[in-house]
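Visitor: Quick one, model_37.cif (mmCIF, C-alpha atoms, pLDDT in the B column; chains and numbers go by the auth columns):
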```
data_query
loop_
_atom_site.group_PDB
_atom_site.id
_atom_site.type_symbol
_atom_site.label_atom_id
_atom_site.label_comp_id
_atom_site.label_asym_id
_atom_site.label_seq_id
_atom_site.Cartn_x
_atom_site.Cartn_y
_atom_site.Cartn_z
_atom_site.B_iso_or_equiv
_atom_site.auth_seq_id
_atom_site.auth_asym_id
ATOM 1 C CA MET A 1 -3.755 -1.102 48.434 47.00 1 A
ATOM 2 C CA GLY A 2 -3.363 2.551 47.392 49.00 2 A
ATOM 3 C CA ALA A 3 -6.140 5.001 48.129 49.00 3 A
ATOM 4 C CA TRP A 4 -6.798 5.553 44.450 48.00 4 A
ATOM 5 C CA LEU A 5 -7.747 1.903 43.990 48.00 5 A
ATOM 6 C CA ARG A 6 -10.057 1.678 46.985 48.00 6 A
ATOM 7 C CA LYS A 7 -13.742 1.490 46.064 48.00 7 A
ATOM 8 C CA LYS A 8 -15.964 3.832 48.050 50.00 8 A
ATOM 9 C CA ALA A 9 -19.716 3.824 48.220 50.00 9 A
ATOM 10 C CA VAL A 10 -21.354 6.572 46.181 49.00 10 A
ATOM 11 C CA ASP A 11 -23.234 7.991 49.174 48.00 11 A
ATOM 12 C CA GLU A 12 -20.005 8.344 51.265 54.00 12 A
ATOM 13 C CA GLU A 13 -18.627 11.170 49.116 54.00 13 A
ATOM 14 C CA ASN A 14 -21.395 12.651 47.045 54.00 14 A
ATOM 15 C CA PRO A 15 -24.725 10.988 46.340 53.00 15 A
ATOM 16 C CA ASP A 16 -25.000 12.950 43.065 55.00 16 A
ATOM 17 C CA ASP A 17 -21.640 11.629 41.882 55.00 17 A
ATOM 18 C CA VAL A 18 -22.386 9.502 38.819 51.00 18 A
ATOM 19 C CA PRO A 19 -19.568 7.854 36.801 54.00 19 A
ATOM 20 C CA THR A 20 -18.863 9.745 33.590 55.00 20 A
ATOM 21 C CA GLY A 21 -16.024 7.672 32.191 54.00 21 A
ATOM 22 C CA GLN A 22 -13.626 10.570 32.853 54.00 22 A
ATOM 23 C CA ILE A 23 -10.815 10.547 35.399 56.00 23 A
ATOM 24 C CA SER A 24 -10.729 13.617 37.597 56.00 24 A
ATOM 25 C CA ALA A 25 -7.549 15.639 38.138 59.00 25 A
ATOM 26 C CA ALA A 26 -7.668 14.788 41.872 59.00 26 A
ATOM 27 C CA ILE A 27 -7.510 11.066 41.131 56.00 27 A
ATOM 28 C CA ILE A 28 -4.613 11.564 38.724 57.00 28 A
ATOM 29 C CA ALA A 29 -2.741 13.689 41.282 58.00 29 A
ATOM 30 C CA GLU A 30 -3.318 11.083 43.987 59.00 30 A
ATOM 31 C CA ALA A 31 -2.065 8.318 41.682 57.00 31 A
ATOM 32 C CA ASP A 32 1.040 10.373 40.863 59.00 32 A
ATOM 33 C CA GLY A 33 1.737 10.833 44.568 61.00 33 A
ATOM 34 C CA GLU A 34 0.906 14.524 44.601 55.00 34 A
ATOM 35 C CA THR A 35 -1.237 16.019 47.332 51.00 35 A
ATOM 36 C CA SER A 36 -3.350 18.464 45.347 48.00 36 A
ATOM 37 C CA ARG A 37 -3.423 20.299 42.104 47.00 37 A
ATOM 38 C CA SER A 38 -5.453 23.473 42.038 51.00 38 A
ATOM 39 C CA GLU A 39 -5.184 24.113 38.326 52.00 39 A
ATOM 40 C CA GLY A 40 -6.022 20.589 37.168 54.00 40 A
ATOM 41 C CA THR A 41 -3.605 19.265 34.580 56.00 41 A
ATOM 42 C CA THR A 42 -0.466 21.162 33.697 57.00 42 A
ATOM 43 C CA GLU A 43 0.624 22.096 30.216 59.00 43 A
ATOM 44 C CA VAL A 44 3.069 19.681 28.681 54.00 44 A
ATOM 45 C CA GLU A 45 5.573 20.485 25.944 62.00 45 A
ATOM 46 C CA ALA A 46 4.424 19.250 22.538 57.00 46 A
ATOM 47 C CA ALA A 47 5.701 15.798 21.611 57.00 47 A
ATOM 48 C CA SER A 48 6.650 16.906 18.114 58.00 48 A
ATOM 49 C CA LYS A 49 6.867 20.016 16.025 59.00 49 A
ATOM 50 C CA PRO A 50 3.609 20.859 14.237 61.00 50 A
ATOM 51 C CA ASP A 51 5.422 21.783 11.015 64.00 51 A
ATOM 52 C CA VAL A 52 7.171 18.740 9.600 60.00 52 A
ATOM 53 C CA GLU A 53 10.336 19.525 7.713 62.00 53 A
ATOM 54 C CA SER A 54 11.744 17.438 4.893 61.00 54 A
ATOM 55 C CA THR A 55 14.488 15.060 5.951 63.00 55 A
ATOM 56 C CA THR A 56 15.827 14.847 2.403 59.00 56 A
ATOM 57 C CA THR A 57 19.273 16.321 2.294 71.00 57 A
ATOM 58 C CA GLY A 58 20.572 15.681 -1.193 83.00 58 A
ATOM 59 C CA PRO A 59 21.016 13.530 -4.277 86.00 59 A
ATOM 60 C CA ALA A 60 22.017 10.452 -2.255 90.00 60 A
ATOM 61 C CA ASP A 61 18.618 10.516 -0.521 92.00 61 A
ATOM 62 C CA LEU A 62 16.846 10.790 -3.876 93.00 62 A
ATOM 63 C CA GLU A 63 18.836 7.852 -5.231 94.00 63 A
ATOM 64 C CA GLN A 64 17.953 5.809 -2.141 94.00 64 A
ATOM 65 C CA ALA A 65 14.259 6.714 -2.467 94.00 65 A
ATOM 66 C CA LEU A 66 14.273 5.663 -6.131 94.00 66 A
ATOM 67 C CA ALA A 67 16.056 2.396 -5.284 95.00 67 A
ATOM 68 C CA ASP A 68 13.502 1.731 -2.519 96.00 68 A
ATOM 69 C CA ARG A 69 10.665 2.459 -4.965 96.00 69 A
ATOM 70 C CA GLN A 70 12.067 -0.035 -7.466 95.00 70 A
ATOM 71 C CA ALA A 71 12.465 -2.687 -4.756 96.00 71 A
ATOM 72 C CA LEU A 72 8.857 -2.182 -3.640 96.00 72 A
ATOM 73 C CA ILE A 73 7.616 -2.389 -7.236 96.00 73 A
ATOM 74 C CA GLN A 74 9.500 -5.652 -7.744 96.00 74 A
ATOM 75 C CA MET A 75 8.051 -7.027 -4.497 96.00 75 A
ATOM 76 C CA CYS A 76 4.539 -6.087 -5.652 96.00 76 A
ATOM 77 C CA LEU A 77 5.097 -7.830 -8.997 95.00 77 A
ATOM 78 C CA TYR A 78 6.339 -10.918 -7.164 96.00 78 A
ATOM 79 C CA ALA A 79 3.225 -10.906 -4.957 96.00 79 A
ATOM 80 C CA LEU A 80 0.968 -10.235 -7.945 94.00 80 A
ATOM 81 C CA ASP A 81 2.361 -13.264 -9.812 93.00 81 A
ATOM 82 C CA ARG A 82 1.561 -15.490 -6.843 95.00 82 A
ATOM 83 C CA ALA A 83 -1.813 -14.038 -5.842 94.00 83 A
ATOM 84 C CA ARG A 84 -4.661 -16.525 -6.081 94.00 84 A
ATOM 85 C CA SER A 85 -7.413 -13.995 -5.541 95.00 85 A
ATOM 86 C CA GLY A 86 -8.676 -11.842 -8.399 93.00 86 A
ATOM 87 C CA GLY A 87 -9.426 -9.108 -5.848 95.00 87 A
ATOM 88 C CA VAL A 88 -5.852 -9.098 -4.591 95.00 88 A
ATOM 89 C CA VAL A 89 -4.512 -8.944 -8.160 94.00 89 A
ATOM 90 C CA GLU A 90 -6.857 -6.058 -8.951 95.00 90 A
ATOM 91 C CA ARG A 91 -5.838 -4.174 -5.793 96.00 91 A
ATOM 92 C CA LEU A 92 -2.119 -4.610 -6.487 96.00 92 A
ATOM 93 C CA GLU A 93 -2.531 -3.483 -10.106 96.00 93 A
ATOM 94 C CA HIS A 94 -4.588 -0.470 -8.978 96.00 94 A
ATOM 95 C CA GLY A 95 -1.947 0.486 -6.402 96.00 95 A
ATOM 96 C CA LEU A 96 0.859 0.157 -8.938 97.00 96 A
ATOM 97 C CA ALA A 97 -1.091 2.208 -11.495 96.00 97 A
ATOM 98 C CA ALA A 98 -1.435 4.991 -8.902 96.00 98 A
ATOM 99 C CA ILE A 99 2.356 5.416 -8.941 96.00 99 A
ATOM 100 C CA GLY A 100 2.727 5.148 -12.720 96.00 100 A
ATOM 101 C CA VAL A 101 3.277 1.394 -13.141 97.00 101 A
ATOM 102 C CA ARG A 102 0.750 0.041 -15.616 96.00 102 A
ATOM 103 C CA ALA A 103 -0.122 -3.500 -16.639 96.00 103 A
ATOM 104 C CA LEU A 104 0.562 -4.470 -20.257 96.00 104 A
ATOM 105 C CA ARG A 105 -2.069 -6.695 -21.849 96.00 105 A
ATOM 106 C CA PRO A 106 -1.613 -6.248 -25.603 97.00 106 A
ATOM 107 C CA ASP A 107 -4.478 -8.512 -26.717 97.00 107 A
ATOM 108 C CA GLY A 108 -5.529 -7.578 -30.261 96.00 108 A
ATOM 109 C CA GLU A 109 -2.412 -5.440 -30.901 97.00 109 A
ATOM 110 C CA ARG A 110 0.181 -6.158 -33.580 97.00 110 A
ATOM 111 C CA PHE A 111 2.945 -8.405 -32.156 97.00 111 A
ATOM 112 C CA ASP A 112 6.139 -6.393 -31.634 95.00 112 A
ATOM 113 C CA PRO A 113 9.197 -8.437 -30.577 94.00 113 A
ATOM 114 C CA ALA A 114 10.738 -5.264 -29.118 91.00 114 A
ATOM 115 C CA VAL A 115 8.017 -5.042 -26.429 92.00 115 A
ATOM 116 C CA HIS A 116 6.371 -8.492 -26.444 96.00 116 A
ATOM 117 C CA GLU A 117 7.721 -11.957 -25.790 96.00 117 A
ATOM 118 C CA ALA A 118 6.186 -14.740 -27.895 96.00 118 A
ATOM 119 C CA GLY A 119 5.088 -17.630 -25.724 96.00 119 A
ATOM 120 C CA GLY A 120 3.348 -19.556 -28.469 96.00 120 A
ATOM 121 C CA ALA A 121 1.236 -19.352 -31.564 96.00 121 A
ATOM 122 C CA VAL A 122 -2.297 -20.220 -32.503 96.00 122 A
ATOM 123 C CA ALA A 123 -3.155 -21.097 -36.076 95.00 123 A
ATOM 124 C CA THR A 124 -5.587 -18.943 -38.027 95.00 124 A
ATOM 125 C CA GLU A 125 -6.939 -18.968 -41.561 94.00 125 A
ATOM 126 C CA ASP A 126 -7.917 -15.282 -41.326 93.00 126 A
ATOM 127 C CA PRO A 127 -5.128 -13.175 -42.896 93.00 127 A
ATOM 128 C CA ALA A 128 -6.341 -10.118 -40.957 94.00 128 A
ATOM 129 C CA LEU A 129 -5.488 -11.820 -37.635 95.00 129 A
ATOM 130 C CA GLU A 130 -2.023 -12.989 -38.649 95.00 130 A
ATOM 131 C CA GLY A 131 0.635 -11.308 -36.511 95.00 131 A
ATOM 132 C CA LEU A 132 -1.824 -10.022 -33.881 97.00 132 A
ATOM 133 C CA VAL A 133 -1.667 -10.945 -30.205 97.00 133 A
ATOM 134 C CA ALA A 134 -4.360 -13.564 -29.554 97.00 134 A
ATOM 135 C CA GLU A 135 -4.009 -13.489 -25.763 97.00 135 A
ATOM 136 C CA THR A 136 -1.654 -12.505 -22.969 97.00 136 A
ATOM 137 C CA GLU A 137 -0.235 -15.442 -21.012 96.00 137 A
ATOM 138 C CA VAL A 138 1.767 -13.393 -18.510 95.00 138 A
ATOM 139 C CA VAL A 139 0.954 -9.743 -17.907 95.00 139 A
ATOM 140 C CA GLY A 140 3.798 -7.317 -18.499 96.00 140 A
ATOM 141 C CA PHE A 141 4.437 -4.050 -16.676 97.00 141 A
ATOM 142 C CA ALA A 142 5.843 -0.644 -17.582 96.00 142 A
ATOM 143 C CA ASP A 143 6.978 2.071 -15.183 96.00 143 A
ATOM 144 C CA HIS A 144 5.850 5.147 -17.089 94.00 144 A
ATOM 145 C CA ASP A 145 7.614 4.556 -20.449 91.00 145 A
ATOM 146 C CA ARG A 146 10.190 1.997 -19.256 94.00 146 A
ATOM 147 C CA VAL A 147 9.224 -1.669 -19.682 94.00 147 A
ATOM 148 C CA LEU A 148 9.843 -3.569 -16.439 95.00 148 A
ATOM 149 C CA ARG A 149 8.658 -6.894 -17.778 96.00 149 A
ATOM 150 C CA ALA A 150 7.569 -7.694 -21.315 96.00 150 A
ATOM 151 C CA PRO A 151 4.225 -9.461 -21.578 97.00 151 A
ATOM 152 C CA ILE A 152 4.377 -13.077 -22.735 97.00 152 A
ATOM 153 C CA VAL A 153 1.809 -13.489 -25.480 98.00 153 A
ATOM 154 C CA ILE A 154 0.232 -15.994 -27.853 97.00 154 A
ATOM 155 C CA VAL A 155 0.342 -14.777 -31.453 97.00 155 A
ATOM 156 C CA TYR A 156 -1.944 -15.587 -34.363 97.00 156 A
ATOM 157 C CA ALA A 157 0.049 -17.318 -37.106 95.00 157 A
ATOM 158 C CA LYS A 158 -0.906 -18.457 -40.599 90.00 158 A
ATOM 159 C CA LYS A 159 -2.282 -21.982 -40.525 84.00 159 A
ATOM 160 C CA ALA A 160 0.180 -24.466 -42.053 76.00 160 A
ATOM 161 C CA GLN A 161 -1.206 -26.309 -45.061 69.00 161 A
#
```
Write out the structure in this file as C-alpha coordinates.
Guide:
Amino acid sequence: MGAWLRKKAVDEENPDDVPTGQISAAIIAEADGETSRSEGTTEVEAASKPDVESTTTGPADLEQALADRQALIQMCLYALDRARSGGVVERLEHGLAAIGVRALRPDGERFDPAVHEAGGAVATEDPALEGLVAETEVVGFADHDRVLRAPIVIVYAKKAQ
(Lines of atoms letter the chains of each structure in order from A and count residues from 1; the text may use other names and numbers.)
(Lines give C-alpha, C1' and ligand atoms only; values in the text may rest on other atoms or scores of the structure.)
Protein backbone atom coordinates (compact mmCIF):
# COMPACT_ATOMS: atom_id res chain seq x y z
CA MET A 1 0.00 0.00 0.00
CA GLY A 2 1.34 3.46 -0.90
CA ALA A 3 2.45 5.79 1.86
CA TRP A 4 -0.29 8.26 1.04
CA LEU A 5 -2.96 5.69 1.88
CA ARG A 6 -1.45 4.56 5.16
CA LYS A 7 -3.37 5.75 8.22
CA LYS A 8 -1.18 7.23 10.95
CA ALA A 9 -2.17 8.05 14.48
CA VAL A 10 -2.71 11.75 15.11
CA ASP A 11 -0.16 11.87 17.93
CA GLU A 12 2.62 10.34 15.74
CA GLU A 13 2.94 13.43 13.54
CA ASN A 14 1.33 16.37 15.25
CA PRO A 15 -1.13 16.15 18.12
CA ASP A 16 -2.66 19.49 17.05
CA ASP A 17 -3.31 18.18 13.55
CA VAL A 18 -7.10 18.13 13.15
CA PRO A 19 -8.74 17.10 9.84
CA THR A 20 -9.97 20.12 7.89
CA GLY A 21 -11.36 18.41 4.81
CA GLN A 22 -8.52 19.91 2.74
CA ILE A 23 -5.72 17.93 1.11
CA SER A 24 -2.28 19.35 1.76
CA ALA A 25 0.21 19.99 -1.05
CA ALA A 26 2.59 17.43 0.52
CA ILE A 27 -0.01 14.68 0.23
CA ILE A 28 -0.73 15.60 -3.38
CA ALA A 29 2.99 15.63 -4.22
CA GLU A 30 3.47 12.24 -2.56
CA ALA A 31 0.51 10.81 -4.49
CA ASP A 32 1.94 12.17 -7.75
CA GLY A 33 5.28 10.52 -6.99
CA GLU A 34 7.11 13.77 -6.35
CA THR A 35 9.43 14.15 -3.39
CA SER A 36 8.62 17.69 -2.28
CA ARG A 37 7.11 20.86 -3.52
CA SER A 38 8.22 24.02 -1.79
CA GLU A 39 5.77 26.35 -3.48
CA GLY A 40 2.67 24.21 -3.01
CA THR A 41 0.64 23.84 -6.18
CA THR A 42 1.95 25.10 -9.49
CA GLU A 43 0.09 27.36 -11.86
CA VAL A 44 -1.72 25.54 -14.61
CA GLU A 45 -2.65 26.98 -18.00
CA ALA A 46 -6.32 27.94 -18.19
CA ALA A 47 -8.58 25.24 -19.59
CA SER A 48 -10.39 27.69 -21.85
CA LYS A 49 -10.22 31.27 -22.96
CA PRO A 50 -12.10 33.65 -20.66
CA ASP A 51 -13.55 35.60 -23.60
CA VAL A 52 -15.82 33.37 -25.64
CA GLU A 53 -15.90 34.20 -29.31
CA SER A 54 -18.83 33.55 -31.61
CA THR A 55 -18.52 30.38 -33.65
CA THR A 56 -20.99 31.67 -36.24
CA THR A 57 -19.23 32.12 -39.52
CA GLY A 58 -21.91 33.03 -42.02
CA PRO A 59 -25.36 32.68 -43.53
CA ALA A 60 -25.21 28.87 -43.56
CA ASP A 61 -24.84 28.87 -39.77
CA LEU A 62 -27.82 31.22 -39.42
CA GLU A 63 -29.91 28.98 -41.66
CA GLN A 64 -28.92 25.94 -39.59
CA ALA A 65 -29.77 27.75 -36.34
CA LEU A 66 -33.19 28.72 -37.71
CA ALA A 67 -33.82 25.15 -38.91
CA ASP A 68 -32.81 23.82 -35.47
CA ARG A 69 -35.14 26.34 -33.81
CA GLN A 70 -38.05 25.19 -35.97
CA ALA A 71 -37.31 21.53 -35.20
CA LEU A 72 -37.24 22.26 -31.46
CA ILE A 73 -40.51 24.20 -31.68
CA GLN A 74 -42.16 21.29 -33.49
CA MET A 75 -40.84 18.87 -30.86
CA CYS A 76 -42.26 21.08 -28.09
CA LEU A 77 -45.65 21.18 -29.82
CA TYR A 78 -45.58 17.39 -30.15
CA ALA A 79 -44.79 17.04 -26.43
CA LEU A 80 -47.41 19.65 -25.51
CA ASP A 81 -50.13 17.74 -27.40
CA ARG A 82 -49.30 14.59 -25.45
CA ALA A 83 -48.72 16.11 -22.00
CA ARG A 84 -51.14 14.85 -19.37
CA SER A 85 -50.13 17.34 -16.72
CA GLY A 86 -51.52 20.87 -16.72
CA GLY A 87 -48.24 22.04 -15.16
CA VAL A 88 -46.20 20.55 -17.98
CA VAL A 89 -48.48 22.15 -20.58
CA GLU A 90 -48.19 25.51 -18.83
CA ARG A 91 -44.39 25.24 -18.64
CA LEU A 92 -44.06 24.33 -22.32
CA GLU A 93 -46.36 27.18 -23.36
CA HIS A 94 -44.42 29.61 -21.14
CA GLY A 95 -41.11 28.47 -22.64
CA LEU A 96 -42.42 28.80 -26.18
CA ALA A 97 -43.84 32.26 -25.43
CA ALA A 98 -40.38 33.34 -24.23
CA ILE A 99 -39.05 32.80 -27.76
CA GLY A 100 -42.02 34.39 -29.54
CA VAL A 101 -44.27 31.36 -30.06
CA ARG A 102 -47.70 32.09 -28.62
CA ALA A 103 -50.72 29.88 -28.08
CA LEU A 104 -53.86 30.73 -30.05
CA ARG A 105 -57.12 30.32 -28.14
CA PRO A 106 -59.65 32.47 -30.01
CA ASP A 107 -62.62 31.84 -27.71
CA GLY A 108 -65.17 34.65 -28.12
CA GLU A 109 -63.54 35.99 -31.32
CA ARG A 110 -65.25 36.12 -34.71
CA PHE A 111 -64.57 32.87 -36.64
CA ASP A 112 -62.10 33.51 -39.47
CA PRO A 113 -61.51 30.54 -41.81
CA ALA A 114 -58.15 32.07 -42.80
CA VAL A 115 -56.75 31.56 -39.27
CA HIS A 116 -59.17 29.10 -37.62
CA GLU A 117 -60.19 25.57 -38.49
CA ALA A 118 -63.83 24.69 -37.77
CA GLY A 119 -64.09 21.46 -35.82
CA GLY A 120 -67.80 21.67 -35.19
CA ALA A 121 -70.72 23.90 -34.43
CA VAL A 122 -72.98 24.51 -31.49
CA ALA A 123 -76.50 25.79 -32.02
CA THR A 124 -77.53 29.14 -30.60
CA GLU A 125 -80.69 31.23 -30.70
CA ASP A 126 -78.75 34.40 -29.85
CA PRO A 127 -77.96 36.27 -33.10
CA ALA A 128 -75.12 38.12 -31.35
CA LEU A 129 -73.23 34.83 -30.81
CA GLU A 130 -73.64 33.54 -34.35
CA GLY A 131 -70.26 33.21 -36.06
CA LEU A 132 -68.23 33.55 -32.83
CA VAL A 133 -65.85 30.90 -31.54
CA ALA A 134 -67.60 29.05 -28.71
CA GLU A 135 -64.52 27.12 -27.59
CA THR A 136 -61.10 25.96 -28.74
CA GLU A 137 -60.80 22.19 -29.19
CA VAL A 138 -57.12 22.15 -30.16
CA VAL A 139 -54.86 25.07 -29.32
CA GLY A 140 -53.12 26.70 -32.26
CA PHE A 141 -49.70 28.34 -32.28
CA ALA A 142 -48.09 31.28 -34.05
CA ASP A 143 -44.38 32.05 -34.29
CA HIS A 144 -44.48 35.84 -34.09
CA ASP A 145 -46.89 36.61 -36.98
CA ARG A 146 -46.62 33.27 -38.80
CA VAL A 147 -49.28 30.67 -37.94
CA LEU A 148 -47.64 27.31 -37.20
CA ARG A 149 -50.88 25.51 -36.49
CA ALA A 150 -54.40 26.89 -36.80
CA PRO A 151 -56.58 26.36 -33.75
CA ILE A 152 -59.44 23.91 -34.20
CA VAL A 153 -62.57 25.57 -32.85
CA ILE A 154 -66.27 25.07 -32.21
CA VAL A 155 -68.35 27.86 -33.73
CA TYR A 156 -71.74 29.20 -32.70
CA ALA A 157 -74.24 28.67 -35.52
CA LYS A 158 -77.87 29.71 -35.92
CA LYS A 159 -80.18 27.08 -34.49
CA ALA A 160 -82.02 25.19 -37.26
CA GLN A 161 -85.79 25.51 -37.05
Visitor: Need the shell around Val133 in chain A: protein/DNA/RNA residues with any atom at most 6 Å away, counting only C-alpha atoms. Skip same-chain ones fewer than 2 positions apart. Format as a PyMOL selection string?
Guide: chain A and resi 107-109+111+135+154-155
Visitor: Those residues with C-alpha atoms, as a PDB file, in the coordinates of the input please?
Guide:
```pdb
ATOM      1  CA  ASP A 107      -4.478  -8.512 -26.717  1.00 97.00           C
ATOM      2  CA  GLY A 108      -5.529  -7.578 -30.261  1.00 96.00           C
ATOM      3  CA  GLU A 109      -2.412  -5.440 -30.901  1.00 97.00           C
ATOM      4  CA  PHE A 111       2.945  -8.405 -32.156  1.00 97.00           C
ATOM      5  CA  GLU A 135      -4.009 -13.489 -25.763  1.00 97.00           C
ATOM      6  CA  ILE A 154       0.232 -15.994 -27.853  1.00 97.00           C
ATOM      7  CA  VAL A 155       0.342 -14.777 -31.453  1.00 97.00           C
TER       8      VAL A 155
END
```
Visitor: Identify which of the residues A:Arg149, A:Glu93, A:Asp112, A:Arg105 lies closest to Thr136 in chain A, counting all atoms listed in the file when measuring atom-to-atom distances.
Guide: A:Arg105
Visitor: Please return, as an mmCIF file with C-alpha atoms, in the coordinates of the input, all polymer residues that have at least one atom within 8 Å of the point (9.9, -7.7, -25.0); use only C-alpha atoms and the file's own coordinate frame.
Guide:
```cif
data_model
loop_
_atom_site.group_PDB
_atom_site.id
_atom_site.type_symbol
_atom_site.label_atom_id
_atom_site.label_comp_id
_atom_site.auth_asym_id
_atom_site.auth_seq_id
_atom_site.Cartn_x
_atom_site.Cartn_y
_atom_site.Cartn_z
ATOM 1 C CA ASP A 112 6.139 -6.393 -31.634
ATOM 2 C CA PRO A 113 9.197 -8.437 -30.577
ATOM 3 C CA ALA A 114 10.738 -5.264 -29.118
ATOM 4 C CA VAL A 115 8.017 -5.042 -26.429
ATOM 5 C CA HIS A 116 6.371 -8.492 -26.444
ATOM 6 C CA GLU A 117 7.721 -11.957 -25.790
ATOM 7 C CA ARG A 149 8.658 -6.894 -17.778
ATOM 8 C CA ALA A 150 7.569 -7.694 -21.315
ATOM 9 C CA PRO A 151 4.225 -9.461 -21.578
#
```
Visitor: A:Ala142, A:Leu80, A:Ala67, A:Ala157: which is nearest Leu104 in chain A, counting all atoms listed in the file?
Guide: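 Smallest separation from Leu104 in chain A among the options: A:Ala142.
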Visitor: Determine, counting all atoms listed in the file, which protein, DNA and RNA residues have an atom within 7 Å of an atom of Gly100 in chain A; residues of the same chain fewer than 4 positions away are not included. Present the result as a short mmCIF file (atom, residue, chain, number, x, y, z; two decimals) with C-alpha atoms, in the frame of the given file.
Guide:
```cif
data_model
loop_
_atom_site.label_atom_id
_atom_site.label_comp_id
_atom_site.auth_asym_id
_atom_site.auth_seq_id
_atom_site.Cartn_x
_atom_site.Cartn_y
_atom_site.Cartn_z
CA LEU A 96 0.86 0.16 -8.94
CA ASP A 143 6.98 2.07 -15.18
CA HIS A 144 5.85 5.15 -17.09
#
```
Visitor: How many Å lie between CA of Val139 in chain A and CA of Lys158 in chain A, rounded to one decimal?
Guide: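 Rounded to one decimal, the two atoms are 24.4 Å apart.
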